[in-house]
>>> print(open('work_11.txt').read())   # compact mmCIF, N, CA and C atoms
# COMPACT_ATOMS: atom_id res chain seq x y z
N MET A 254 17.23 -6.96 -3.05
CA MET A 254 15.82 -7.28 -3.17
C MET A 254 15.02 -6.31 -2.31
N SER A 255 13.84 -5.94 -2.75
CA SER A 255 13.00 -5.00 -2.01
C SER A 255 12.31 -5.68 -0.84
N ASP A 256 11.69 -4.89 0.04
CA ASP A 256 11.02 -5.41 1.24
C ASP A 256 9.94 -6.43 0.91
N ASP A 257 9.27 -6.27 -0.22
CA ASP A 257 8.18 -7.16 -0.55
C ASP A 257 8.62 -8.31 -1.45
N GLY A 258 9.94 -8.43 -1.69
CA GLY A 258 10.46 -9.54 -2.46
C GLY A 258 10.24 -9.41 -3.96
N TYR A 259 10.02 -8.21 -4.43
CA TYR A 259 9.69 -7.99 -5.83
C TYR A 259 10.71 -7.05 -6.42
N ASP A 260 11.43 -7.49 -7.45
CA ASP A 260 12.54 -6.70 -7.96
C ASP A 260 12.35 -6.17 -9.38
N GLU A 261 11.14 -6.19 -9.89
CA GLU A 261 10.90 -5.69 -11.23
C GLU A 261 11.06 -4.18 -11.27
N LYS A 262 11.44 -3.65 -12.43
CA LYS A 262 11.53 -2.19 -12.55
C LYS A 262 10.16 -1.59 -12.37
N ARG A 263 10.11 -0.50 -11.63
CA ARG A 263 8.83 0.11 -11.31
C ARG A 263 8.81 1.55 -11.79
N LYS A 264 7.60 2.08 -11.93
CA LYS A 264 7.45 3.48 -12.31
C LYS A 264 7.93 4.40 -11.20
N HIS A 265 7.70 3.98 -9.93
CA HIS A 265 8.03 4.81 -8.78
C HIS A 265 8.85 4.00 -7.78
N PRO A 266 9.88 4.61 -7.19
CA PRO A 266 10.61 3.89 -6.14
C PRO A 266 9.74 3.71 -4.91
N ARG A 267 9.92 2.57 -4.24
CA ARG A 267 9.17 2.27 -3.03
C ARG A 267 9.88 2.84 -1.81
N THR A 268 9.09 3.35 -0.89
CA THR A 268 9.59 3.89 0.36
C THR A 268 9.06 3.01 1.49
N PRO A 269 9.94 2.43 2.31
CA PRO A 269 9.44 1.62 3.42
C PRO A 269 8.54 2.46 4.33
N LEU A 270 7.40 1.92 4.69
CA LEU A 270 6.46 2.64 5.55
C LEU A 270 5.49 1.65 6.17
N SER A 271 5.46 1.59 7.49
CA SER A 271 4.52 0.74 8.20
C SER A 271 3.40 1.61 8.74
N LEU A 272 2.24 1.52 8.10
CA LEU A 272 1.05 2.26 8.52
C LEU A 272 -0.11 1.28 8.59
N LEU A 273 -1.00 1.48 9.53
CA LEU A 273 -2.21 0.66 9.57
C LEU A 273 -3.13 1.11 8.44
N VAL A 274 -3.46 0.17 7.55
CA VAL A 274 -4.31 0.46 6.40
C VAL A 274 -5.61 -0.32 6.57
N GLN A 275 -6.72 0.38 6.48
CA GLN A 275 -8.02 -0.29 6.49
C GLN A 275 -8.47 -0.44 5.05
N PHE A 276 -9.03 -1.58 4.73
CA PHE A 276 -9.50 -1.78 3.37
C PHE A 276 -10.79 -2.59 3.37
N ARG A 277 -11.55 -2.35 2.31
CA ARG A 277 -12.85 -3.00 2.17
C ARG A 277 -13.03 -3.31 0.69
N PHE A 278 -13.64 -4.44 0.41
CA PHE A 278 -13.97 -4.76 -0.97
C PHE A 278 -15.37 -5.32 -1.02
N ASN A 279 -15.88 -5.56 -2.20
CA ASN A 279 -17.32 -5.77 -2.36
C ASN A 279 -17.90 -6.96 -1.61
N THR A 280 -17.09 -7.95 -1.22
CA THR A 280 -17.67 -9.10 -0.52
C THR A 280 -17.73 -8.90 0.99
N PHE A 281 -17.17 -7.81 1.50
CA PHE A 281 -17.20 -7.53 2.93
C PHE A 281 -17.79 -6.15 3.17
N GLU A 282 -18.63 -6.05 4.19
CA GLU A 282 -19.16 -4.74 4.54
C GLU A 282 -18.23 -4.03 5.51
N ASP A 283 -17.54 -4.80 6.35
CA ASP A 283 -16.65 -4.22 7.35
C ASP A 283 -15.25 -4.04 6.78
N PHE A 284 -14.54 -3.10 7.36
CA PHE A 284 -13.15 -2.90 6.98
C PHE A 284 -12.28 -3.98 7.59
N LEU A 285 -11.27 -4.40 6.85
CA LEU A 285 -10.20 -5.23 7.37
C LEU A 285 -9.04 -4.29 7.62
N ALA A 286 -8.12 -4.65 8.50
CA ALA A 286 -6.99 -3.77 8.80
C ALA A 286 -5.70 -4.58 8.81
N GLU A 287 -4.70 -4.11 8.08
CA GLU A 287 -3.38 -4.72 8.02
C GLU A 287 -2.36 -3.59 7.92
N TYR A 288 -1.08 -3.95 8.00
CA TYR A 288 -0.03 -2.93 7.91
C TYR A 288 0.60 -2.90 6.53
N SER A 289 0.92 -1.69 6.09
CA SER A 289 1.65 -1.55 4.83
C SER A 289 3.11 -1.93 5.05
N VAL A 290 3.76 -2.31 3.96
CA VAL A 290 5.20 -2.60 3.97
C VAL A 290 5.94 -1.41 3.36
N ASN A 291 5.37 -0.91 2.25
CA ASN A 291 5.98 0.24 1.59
C ASN A 291 4.92 0.99 0.81
N ILE A 292 5.33 2.18 0.35
CA ILE A 292 4.41 3.04 -0.39
C ILE A 292 5.19 3.77 -1.46
N SER A 293 4.52 4.14 -2.51
CA SER A 293 5.08 4.99 -3.56
C SER A 293 3.95 5.89 -4.05
N PRO A 294 4.26 6.87 -4.89
CA PRO A 294 3.18 7.70 -5.43
C PRO A 294 2.17 6.90 -6.26
N GLY A 295 2.54 5.69 -6.67
CA GLY A 295 1.63 4.90 -7.49
C GLY A 295 0.87 3.81 -6.78
N GLY A 296 1.28 3.47 -5.54
CA GLY A 296 0.59 2.39 -4.85
C GLY A 296 1.28 2.01 -3.55
N MET A 297 0.81 0.91 -2.97
CA MET A 297 1.41 0.43 -1.72
C MET A 297 1.35 -1.09 -1.67
N PHE A 298 2.23 -1.65 -0.85
CA PHE A 298 2.20 -3.09 -0.61
C PHE A 298 1.67 -3.30 0.80
N ILE A 299 0.65 -4.15 0.93
CA ILE A 299 0.01 -4.41 2.22
C ILE A 299 0.31 -5.84 2.64
N HIS A 300 0.85 -5.99 3.83
CA HIS A 300 1.14 -7.31 4.37
C HIS A 300 -0.15 -7.94 4.85
N THR A 301 -0.49 -9.11 4.31
CA THR A 301 -1.68 -9.83 4.74
C THR A 301 -1.52 -11.30 4.40
N ASP A 302 -2.02 -12.16 5.28
CA ASP A 302 -2.01 -13.60 5.03
C ASP A 302 -3.15 -14.02 4.11
N GLN A 303 -4.07 -13.08 3.84
CA GLN A 303 -5.22 -13.39 2.99
C GLN A 303 -5.36 -12.33 1.90
N PRO A 304 -4.38 -12.30 0.96
CA PRO A 304 -4.47 -11.29 -0.10
C PRO A 304 -5.67 -11.54 -1.01
N LEU A 305 -6.18 -10.46 -1.57
CA LEU A 305 -7.27 -10.55 -2.54
C LEU A 305 -6.71 -11.01 -3.88
N GLU A 306 -7.57 -11.41 -4.78
CA GLU A 306 -7.13 -11.82 -6.11
C GLU A 306 -6.65 -10.62 -6.92
N GLU A 307 -5.69 -10.87 -7.81
CA GLU A 307 -5.27 -9.82 -8.73
C GLU A 307 -6.48 -9.33 -9.50
N GLY A 308 -6.54 -8.02 -9.69
CA GLY A 308 -7.67 -7.41 -10.40
C GLY A 308 -8.78 -6.95 -9.47
N SER A 309 -8.76 -7.38 -8.20
CA SER A 309 -9.79 -6.96 -7.25
C SER A 309 -9.69 -5.46 -6.99
N MET A 310 -10.83 -4.82 -6.89
CA MET A 310 -10.88 -3.41 -6.52
C MET A 310 -11.08 -3.33 -5.01
N VAL A 311 -10.38 -2.40 -4.38
CA VAL A 311 -10.42 -2.30 -2.93
C VAL A 311 -10.48 -0.82 -2.54
N TYR A 312 -11.28 -0.53 -1.53
CA TYR A 312 -11.37 0.83 -0.99
C TYR A 312 -10.39 0.91 0.17
N LEU A 313 -9.45 1.86 0.11
CA LEU A 313 -8.40 2.00 1.12
C LEU A 313 -8.61 3.24 1.97
N GLN A 314 -8.26 3.13 3.24
CA GLN A 314 -8.23 4.29 4.15
C GLN A 314 -7.00 4.15 5.03
N PHE A 315 -6.23 5.22 5.16
CA PHE A 315 -5.13 5.24 6.13
C PHE A 315 -4.89 6.67 6.55
N SER A 316 -4.29 6.82 7.72
CA SER A 316 -4.04 8.15 8.28
C SER A 316 -2.56 8.39 8.42
N LEU A 317 -2.20 9.65 8.48
CA LEU A 317 -0.82 9.99 8.82
C LEU A 317 -0.57 9.52 10.24
N LYS A 318 0.69 9.31 10.59
CA LYS A 318 1.04 8.77 11.91
C LYS A 318 0.41 9.58 13.04
N ASP A 319 0.32 10.89 12.88
CA ASP A 319 -0.24 11.71 13.96
C ASP A 319 -1.78 11.70 13.94
N GLY A 320 -2.36 10.99 12.96
CA GLY A 320 -3.81 10.87 12.90
C GLY A 320 -4.51 12.11 12.38
N SER A 321 -3.74 13.08 11.91
CA SER A 321 -4.32 14.37 11.53
C SER A 321 -5.08 14.34 10.20
N ARG A 322 -4.66 13.51 9.27
CA ARG A 322 -5.28 13.52 7.95
C ARG A 322 -5.66 12.11 7.52
N LEU A 323 -6.85 11.94 7.01
CA LEU A 323 -7.29 10.66 6.48
C LEU A 323 -7.07 10.66 4.98
N ILE A 324 -6.45 9.62 4.49
CA ILE A 324 -6.22 9.45 3.06
C ILE A 324 -7.08 8.27 2.63
N GLU A 325 -7.87 8.47 1.58
CA GLU A 325 -8.77 7.39 1.17
C GLU A 325 -9.00 7.43 -0.33
N GLY A 326 -9.30 6.26 -0.88
CA GLY A 326 -9.58 6.16 -2.30
C GLY A 326 -9.62 4.71 -2.74
N MET A 327 -9.82 4.51 -4.04
CA MET A 327 -9.90 3.17 -4.60
C MET A 327 -8.55 2.72 -5.13
N GLY A 328 -8.30 1.43 -4.95
CA GLY A 328 -7.09 0.82 -5.47
C GLY A 328 -7.42 -0.48 -6.18
N LYS A 329 -6.45 -0.97 -6.93
CA LYS A 329 -6.61 -2.22 -7.66
C LYS A 329 -5.45 -3.14 -7.29
N VAL A 330 -5.76 -4.39 -6.92
CA VAL A 330 -4.72 -5.36 -6.60
C VAL A 330 -4.03 -5.73 -7.90
N VAL A 331 -2.73 -5.44 -7.98
CA VAL A 331 -1.99 -5.71 -9.21
C VAL A 331 -0.95 -6.81 -9.04
N ARG A 332 -0.71 -7.23 -7.80
CA ARG A 332 0.26 -8.30 -7.54
C ARG A 332 -0.05 -8.96 -6.22
N VAL A 333 0.11 -10.28 -6.17
CA VAL A 333 -0.15 -11.03 -4.95
C VAL A 333 1.06 -11.90 -4.63
N ASN A 334 1.52 -11.83 -3.39
CA ASN A 334 2.53 -12.75 -2.87
C ASN A 334 1.79 -13.68 -1.90
N PRO A 335 1.54 -14.94 -2.30
CA PRO A 335 0.82 -15.83 -1.40
C PRO A 335 1.66 -16.20 -0.18
N PRO A 336 1.02 -16.60 0.91
CA PRO A 336 1.77 -17.01 2.10
C PRO A 336 2.64 -18.23 1.79
N GLY A 337 3.75 -18.35 2.52
CA GLY A 337 4.58 -19.55 2.44
C GLY A 337 5.65 -19.54 1.36
N VAL A 338 5.83 -18.43 0.64
CA VAL A 338 6.88 -18.36 -0.37
C VAL A 338 8.14 -17.80 0.28
N LYS A 339 9.22 -18.55 0.22
CA LYS A 339 10.47 -18.16 0.88
C LYS A 339 10.98 -16.82 0.34
N ASP A 340 11.50 -16.00 1.23
CA ASP A 340 12.10 -14.70 0.91
C ASP A 340 11.11 -13.69 0.33
N ARG A 341 9.83 -13.89 0.55
CA ARG A 341 8.82 -12.93 0.10
C ARG A 341 7.86 -12.64 1.23
N VAL A 342 7.55 -11.37 1.41
CA VAL A 342 6.52 -10.98 2.37
C VAL A 342 5.17 -11.28 1.74
N CYS A 343 4.32 -12.03 2.44
CA CYS A 343 3.01 -12.33 1.85
C CYS A 343 2.16 -11.06 1.91
N GLY A 344 1.34 -10.90 0.90
CA GLY A 344 0.48 -9.73 0.85
C GLY A 344 0.10 -9.39 -0.57
N MET A 345 -0.23 -8.11 -0.76
CA MET A 345 -0.71 -7.68 -2.08
C MET A 345 -0.22 -6.27 -2.41
N GLY A 346 0.15 -6.11 -3.66
CA GLY A 346 0.50 -4.80 -4.19
C GLY A 346 -0.76 -4.15 -4.73
N VAL A 347 -1.04 -2.94 -4.25
CA VAL A 347 -2.26 -2.24 -4.65
C VAL A 347 -1.88 -0.94 -5.36
N GLU A 348 -2.36 -0.79 -6.58
CA GLU A 348 -2.14 0.43 -7.35
C GLU A 348 -3.22 1.44 -6.99
N PHE A 349 -2.81 2.69 -6.75
CA PHE A 349 -3.79 3.73 -6.47
C PHE A 349 -4.50 4.07 -7.77
N VAL A 350 -5.84 3.96 -7.78
CA VAL A 350 -6.62 4.16 -9.00
C VAL A 350 -7.42 5.46 -8.93
N SER A 351 -8.13 5.66 -7.83
CA SER A 351 -9.00 6.83 -7.74
C SER A 351 -8.89 7.46 -6.35
N PHE A 352 -7.97 8.41 -6.24
CA PHE A 352 -7.78 9.19 -5.01
C PHE A 352 -7.94 10.65 -5.39
N ASP A 353 -8.50 11.46 -4.49
CA ASP A 353 -8.65 12.87 -4.83
C ASP A 353 -7.28 13.56 -4.80
N GLU A 354 -7.25 14.78 -5.31
CA GLU A 354 -5.99 15.51 -5.43
C GLU A 354 -5.31 15.71 -4.08
N GLU A 355 -6.09 16.01 -3.05
CA GLU A 355 -5.52 16.24 -1.73
C GLU A 355 -4.85 14.96 -1.19
N SER A 356 -5.52 13.82 -1.36
CA SER A 356 -4.94 12.55 -0.91
C SER A 356 -3.66 12.25 -1.67
N MET A 357 -3.66 12.44 -2.99
CA MET A 357 -2.45 12.17 -3.78
C MET A 357 -1.32 13.12 -3.40
N ALA A 358 -1.65 14.37 -3.10
CA ALA A 358 -0.62 15.31 -2.66
C ALA A 358 0.00 14.85 -1.34
N LEU A 359 -0.84 14.36 -0.42
CA LEU A 359 -0.33 13.85 0.86
C LEU A 359 0.55 12.61 0.66
N ILE A 360 0.13 11.71 -0.23
CA ILE A 360 0.93 10.51 -0.52
C ILE A 360 2.28 10.92 -1.09
N ASN A 361 2.29 11.84 -2.03
CA ASN A 361 3.55 12.32 -2.61
C ASN A 361 4.43 12.97 -1.55
N GLU A 362 3.82 13.72 -0.64
CA GLU A 362 4.56 14.37 0.44
C GLU A 362 5.17 13.34 1.38
N ILE A 363 4.39 12.32 1.74
CA ILE A 363 4.90 11.25 2.62
C ILE A 363 6.12 10.60 1.97
N CYS A 364 6.00 10.25 0.69
CA CYS A 364 7.10 9.59 -0.02
C CYS A 364 8.34 10.48 -0.08
N ALA A 365 8.15 11.74 -0.40
CA ALA A 365 9.28 12.66 -0.51
C ALA A 365 9.97 12.86 0.84
N GLN A 366 9.19 13.03 1.90
CA GLN A 366 9.77 13.23 3.23
C GLN A 366 10.54 12.00 3.69
N ARG A 367 9.97 10.83 3.48
CA ARG A 367 10.63 9.60 3.93
C ARG A 367 11.88 9.32 3.12
N GLU A 368 11.84 9.60 1.82
CA GLU A 368 13.04 9.41 1.00
C GLU A 368 14.15 10.37 1.41
N ALA A 369 13.78 11.61 1.75
CA ALA A 369 14.77 12.61 2.14
C ALA A 369 15.48 12.25 3.44
N THR A 370 14.79 11.55 4.33
CA THR A 370 15.38 11.20 5.64
C THR A 370 15.89 9.76 5.70
N ARG A 371 15.75 9.03 4.61
CA ARG A 371 16.16 7.63 4.58
C ARG A 371 17.69 7.53 4.54
N PRO A 372 18.29 6.71 5.41
CA PRO A 372 19.75 6.57 5.39
C PRO A 372 20.22 5.90 4.10
N ARG A 373 21.31 6.35 3.59
CA ARG A 373 21.91 5.79 2.35
C ARG A 373 23.08 4.91 2.73
N ASN A 374 23.30 3.86 1.94
CA ASN A 374 24.46 2.96 2.17
C ASN A 374 25.73 3.55 1.64
>>> encode(input="work_11.txt", output="structure tokens")
Amino acid sequence: MSDDGYDEKRKHPRTPLSLLVQFRFNTFEDFLAEYSVNISPGGMFIHTDQPLEEGSMVYLQFSLKDGSRLIEGMGKVVRVNPPGVKDRVCGMGVEFVSFDEESMALINEICAQREATRPRN
């Protein structure tokens, strides 16, 4: 089973990654901040006790660990794990919808680097 408790076939393999992700959606002016569980070239799973509804659009911002590059763009909540479900991390799966080319290149680079250094069983 994957880190987020979701075992459906996916377009992209998930890479475990804990990064502080700031997000904002239309009902809040301020950013909220939570940690990611994993990332792929197509999206990320964000751990939160208060996930947004499926279909919600969210503006995401996160930086590389060294703080050198800001990655930002729009995402869409495509899956929600509500709190209190056994063997599932509560949170939301967010599909990357509108990120510029540079941000997508950085996301692809992060995924490739982490996969290359990930220990195999």
>>> closest_residue(input="work_11.txt", among="A:Glu368, A:Glu307, A:Glu282, A:Glu287", to="Val333 of chain A", atoms="all atoms listed in the file")
A:Glu307
>>> atom_distance(input="work_11.txt", atom1="atom CA of Glu362 of chain A", atom2="atom CA of Ala286 of chain A")
23.1 Å
>>> closest_residue(input="work_11.txt", among="A:Thr301, A:Gln275, A:Asn334, A:Ser289", to="Gln314 of chain A", atoms="all atoms listed in the file")
A:Gln275
>>> residues_around(input="work_11.txt", residues="Cys343 of chain A", least_positions_apart="2", cutoff="8 Å", atoms="all atoms listed in the file", output="list in words")
Asp257, Gly258, Phe298, Ile299, His300, Thr301, Asp302, Gln303, Pro304, Val333, Asn334, Pro335, Pro336, Gly337, Val338, Asp340, Arg341, Met345 and Gly346 of chain A
>>> write_last_selection(input="work_11.txt", atoms="N, CA and C atoms", output="PDB file, in the frame of the given file")
ATOM      1  N   ASP A 257       9.270  -6.270  -0.220  1.00  0.00           N
ATOM      2  CA  ASP A 257       8.180  -7.160  -0.550  1.00  0.00           C
ATOM      3  C   ASP A 257       8.620  -8.310  -1.450  1.00  0.00           C
ATOM      4  N   GLY A 258       9.940  -8.430  -1.690  1.00  0.00           N
ATOM      5  CA  GLY A 258      10.460  -9.540  -2.460  1.00  0.00           C
ATOM      6  C   GLY A 258      10.240  -9.410  -3.960  1.00  0.00           C
ATOM      7  N   PHE A 298       2.230  -1.650  -0.850  1.00  0.00           N
ATOM      8  CA  PHE A 298       2.200  -3.090  -0.610  1.00  0.00           C
ATOM      9  C   PHE A 298       1.670  -3.300   0.800  1.00  0.00           C
ATOM     10  N   ILE A 299       0.650  -4.150   0.930  1.00  0.00           N
ATOM     11  CA  ILE A 299       0.010  -4.410   2.220  1.00  0.00           C
ATOM     12  C   ILE A 299       0.310  -5.840   2.640  1.00  0.00           C
ATOM     13  N   HIS A 300       0.850  -5.990   3.830  1.00  0.00           N
ATOM     14  CA  HIS A 300       1.140  -7.310   4.370  1.00  0.00           C
ATOM     15  C   HIS A 300      -0.150  -7.940   4.850  1.00  0.00           C
ATOM     16  N   THR A 301      -0.490  -9.110   4.310  1.00  0.00           N
ATOM     17  CA  THR A 301      -1.680  -9.830   4.740  1.00  0.00           C
ATOM     18  C   THR A 301      -1.520 -11.300   4.400  1.00  0.00           C
ATOM     19  N   ASP A 302      -2.020 -12.160   5.280  1.00  0.00           N
ATOM     20  CA  ASP A 302      -2.010 -13.600   5.030  1.00  0.00           C
ATOM     21  C   ASP A 302      -3.150 -14.020   4.110  1.00  0.00           C
ATOM     22  N   GLN A 303      -4.070 -13.080   3.840  1.00  0.00           N
ATOM     23  CA  GLN A 303      -5.220 -13.390   2.990  1.00  0.00           C
ATOM     24  C   GLN A 303      -5.360 -12.330   1.900  1.00  0.00           C
ATOM     25  N   PRO A 304      -4.380 -12.300   0.960  1.00  0.00           N
ATOM     26  CA  PRO A 304      -4.470 -11.290  -0.100  1.00  0.00           C
ATOM     27  C   PRO A 304      -5.670 -11.540  -1.010  1.00  0.00           C
ATOM     28  N   VAL A 333       0.110 -10.280  -6.170  1.00  0.00           N
ATOM     29  CA  VAL A 333      -0.150 -11.030  -4.950  1.00  0.00           C
ATOM     30  C   VAL A 333       1.060 -11.900  -4.630  1.00  0.00           C
ATOM     31  N   ASN A 334       1.520 -11.830  -3.390  1.00  0.00           N
ATOM     32  CA  ASN A 334       2.530 -12.750  -2.870  1.00  0.00           C
ATOM     33  C   ASN A 334       1.790 -13.680  -1.900  1.00  0.00           C
ATOM     34  N   PRO A 335       1.540 -14.940  -2.300  1.00  0.00           N
ATOM     35  CA  PRO A 335       0.820 -15.830  -1.400  1.00  0.00           C
ATOM     36  C   PRO A 335       1.660 -16.200  -0.180  1.00  0.00           C
ATOM     37  N   PRO A 336       1.020 -16.600   0.910  1.00  0.00           N
ATOM     38  CA  PRO A 336       1.770 -17.010   2.100  1.00  0.00           C
ATOM     39  C   PRO A 336       2.640 -18.230   1.790  1.00  0.00           C
ATOM     40  N   GLY A 337       3.750 -18.350   2.520  1.00  0.00           N
ATOM     41  CA  GLY A 337       4.580 -19.550   2.440  1.00  0.00           C
ATOM     42  C   GLY A 337       5.650 -19.540   1.360  1.00  0.00           C
ATOM     43  N   VAL A 338       5.830 -18.430   0.640  1.00  0.00           N
ATOM     44  CA  VAL A 338       6.880 -18.360  -0.370  1.00  0.00           C
ATOM     45  C   VAL A 338       8.140 -17.800   0.280  1.00  0.00           C
ATOM     46  N   ASP A 340      11.500 -16.000   1.230  1.00  0.00           N
ATOM     47  CA  ASP A 340      12.100 -14.700   0.910  1.00  0.00           C
ATOM     48  C   ASP A 340      11.110 -13.690   0.330  1.00  0.00           C
ATOM     49  N   ARG A 341       9.830 -13.890   0.550  1.00  0.00           N
ATOM     50  CA  ARG A 341       8.820 -12.930   0.100  1.00  0.00           C
ATOM     51  C   ARG A 341       7.860 -12.640   1.230  1.00  0.00           C
ATOM     52  N   MET A 345      -0.230  -8.110  -0.760  1.00  0.00           N
ATOM     53  CA  MET A 345      -0.710  -7.680  -2.080  1.00  0.00           C
ATOM     54  C   MET A 345      -0.220  -6.270  -2.410  1.00  0.00           C
ATOM     55  N   GLY A 346       0.150  -6.110  -3.660  1.00  0.00           N
ATOM     56  CA  GLY A 346       0.500  -4.800  -4.190  1.00  0.00           C
ATOM     57  C   GLY A 346      -0.760  -4.150  -4.730  1.00  0.00           C
TER      58      GLY A 346
END
>>> residues_around(input="work_11.txt", residues="Glu354 of chain A", least_positions_apart="4", cutoff="12 Å", atoms="only C-alpha atoms", output="PyMOL selection string")
chain A and resi 324-326+350+358-361
>>> atom_distance(input="work_11.txt", atom1="atom CA of Phe278 of chain A", atom2="atom CA of Gly308 of chain A")
11.6 Å
>>> residues_around(input="work_11.txt", residues="Met357 of chain A", least_positions_apart="6", cutoff="12 Å", atoms="only C-alpha atoms", output="list of chain:residue names")
A:Ile292, A:Ser293, A:Pro294, A:Gly295, A:Gly296, A:Leu323, A:Ile324, A:Glu325, A:Gly326, A:Met327, A:Phe349, A:Val350, A:Ser351, A:Ile363, A:Cys364
>>> select_by_dssp(input="work_11.txt", residues="chain A", states="helix (DSSP H, G or I)", output="list in words")
Glu354, Glu355, Ser356, Met357, Ala358, Leu359, Ile360, Asn361, Glu362, Ile363, Cys364, Ala365, Gln366, Arg367, Glu368, Ala369 and Thr370 of chain A
>>> atom_distance(input="work_11.txt", atom1="atom CA of Leu273 of chain A", atom2="atom N of Ser321 of chain A")
12.7 Å
>>> select_by_dssp(input="work_11.txt", residues="segment 342-373 of chain A", states="strand (DSSP E or B)", output="VMD selection string")
chain A and resid 344 to 352
>>> closest_residue(input="work_11.txt", among="A:Lys329, A:Ala365, A:Leu305, A:Phe315", to="Gly344 of chain A", atoms="only C-alpha atoms")
A:Leu305
>>> closest_residue(input="work_11.txt", among="A:Glu355, A:Lys339, A:Gly328, A:Arg267", to="Met310 of chain A", atoms="all atoms listed in the file")
A:Gly328
>>> build_atoms(input="work_11.txt", residues="segment 337-343 of chain A", atoms="all heavy atoms", output="tab-separated table (two decimals), in the coordinates of the input")
chain	number	residue	atom	x	y	z
A	337	GLY	N	3.75	-18.35	2.52
A	337	GLY	CA	4.58	-19.55	2.44
A	337	GLY	C	5.65	-19.54	1.36
A	337	GLY	O	6.32	-20.54	1.16
A	338	VAL	N	5.83	-18.43	0.64
A	338	VAL	CA	6.88	-18.36	-0.37
A	338	VAL	C	8.14	-17.80	0.28
A	338	VAL	O	8.11	-16.70	0.84
A	338	VAL	CB	6.45	-17.49	-1.58
A	338	VAL	CG1	7.58	-17.39	-2.59
A	338	VAL	CG2	5.20	-18.05	-2.22
A	339	LYS	N	9.22	-18.55	0.22
A	339	LYS	CA	10.47	-18.16	0.88
A	339	LYS	C	10.98	-16.82	0.34
A	339	LYS	O	10.90	-16.54	-0.86
A	339	LYS	CB	11.52	-19.25	0.64
A	339	LYS	CG	12.79	-19.03	1.41
A	339	LYS	CD	13.78	-20.13	1.16
A	339	LYS	CE	15.04	-19.80	1.93
A	339	LYS	NZ	16.13	-20.70	1.63
A	340	ASP	N	11.50	-16.00	1.23
A	340	ASP	CA	12.10	-14.70	0.91
A	340	ASP	C	11.11	-13.69	0.33
A	340	ASP	O	11.51	-12.74	-0.33
A	340	ASP	CB	13.29	-14.85	-0.04
A	340	ASP	CG	14.41	-15.67	0.57
A	340	ASP	OD1	14.58	-15.62	1.80
A	340	ASP	OD2	15.11	-16.37	-0.19
A	341	ARG	N	9.83	-13.89	0.55
A	341	ARG	CA	8.82	-12.93	0.10
A	341	ARG	C	7.86	-12.64	1.23
A	341	ARG	O	7.38	-13.55	1.89
A	341	ARG	CB	8.03	-13.48	-1.08
A	341	ARG	CG	8.79	-13.43	-2.37
A	341	ARG	CD	7.82	-13.37	-3.50
A	341	ARG	NE	8.54	-12.92	-4.67
A	341	ARG	CZ	7.98	-12.74	-5.83
A	341	ARG	NH1	6.71	-12.96	-5.98
A	341	ARG	NH2	8.68	-12.32	-6.84
A	342	VAL	N	7.55	-11.37	1.41
A	342	VAL	CA	6.52	-10.98	2.37
A	342	VAL	C	5.17	-11.28	1.74
A	342	VAL	O	4.91	-10.85	0.61
A	342	VAL	CB	6.63	-9.47	2.70
A	342	VAL	CG1	5.48	-9.03	3.59
A	342	VAL	CG2	7.96	-9.16	3.34
A	343	CYS	N	4.32	-12.03	2.44
A	343	CYS	CA	3.01	-12.33	1.85
A	343	CYS	C	2.16	-11.06	1.91
A	343	CYS	O	2.27	-10.25	2.82
A	343	CYS	CB	2.33	-13.50	2.56
A	343	CYS	SG	2.06	-13.29	4.31
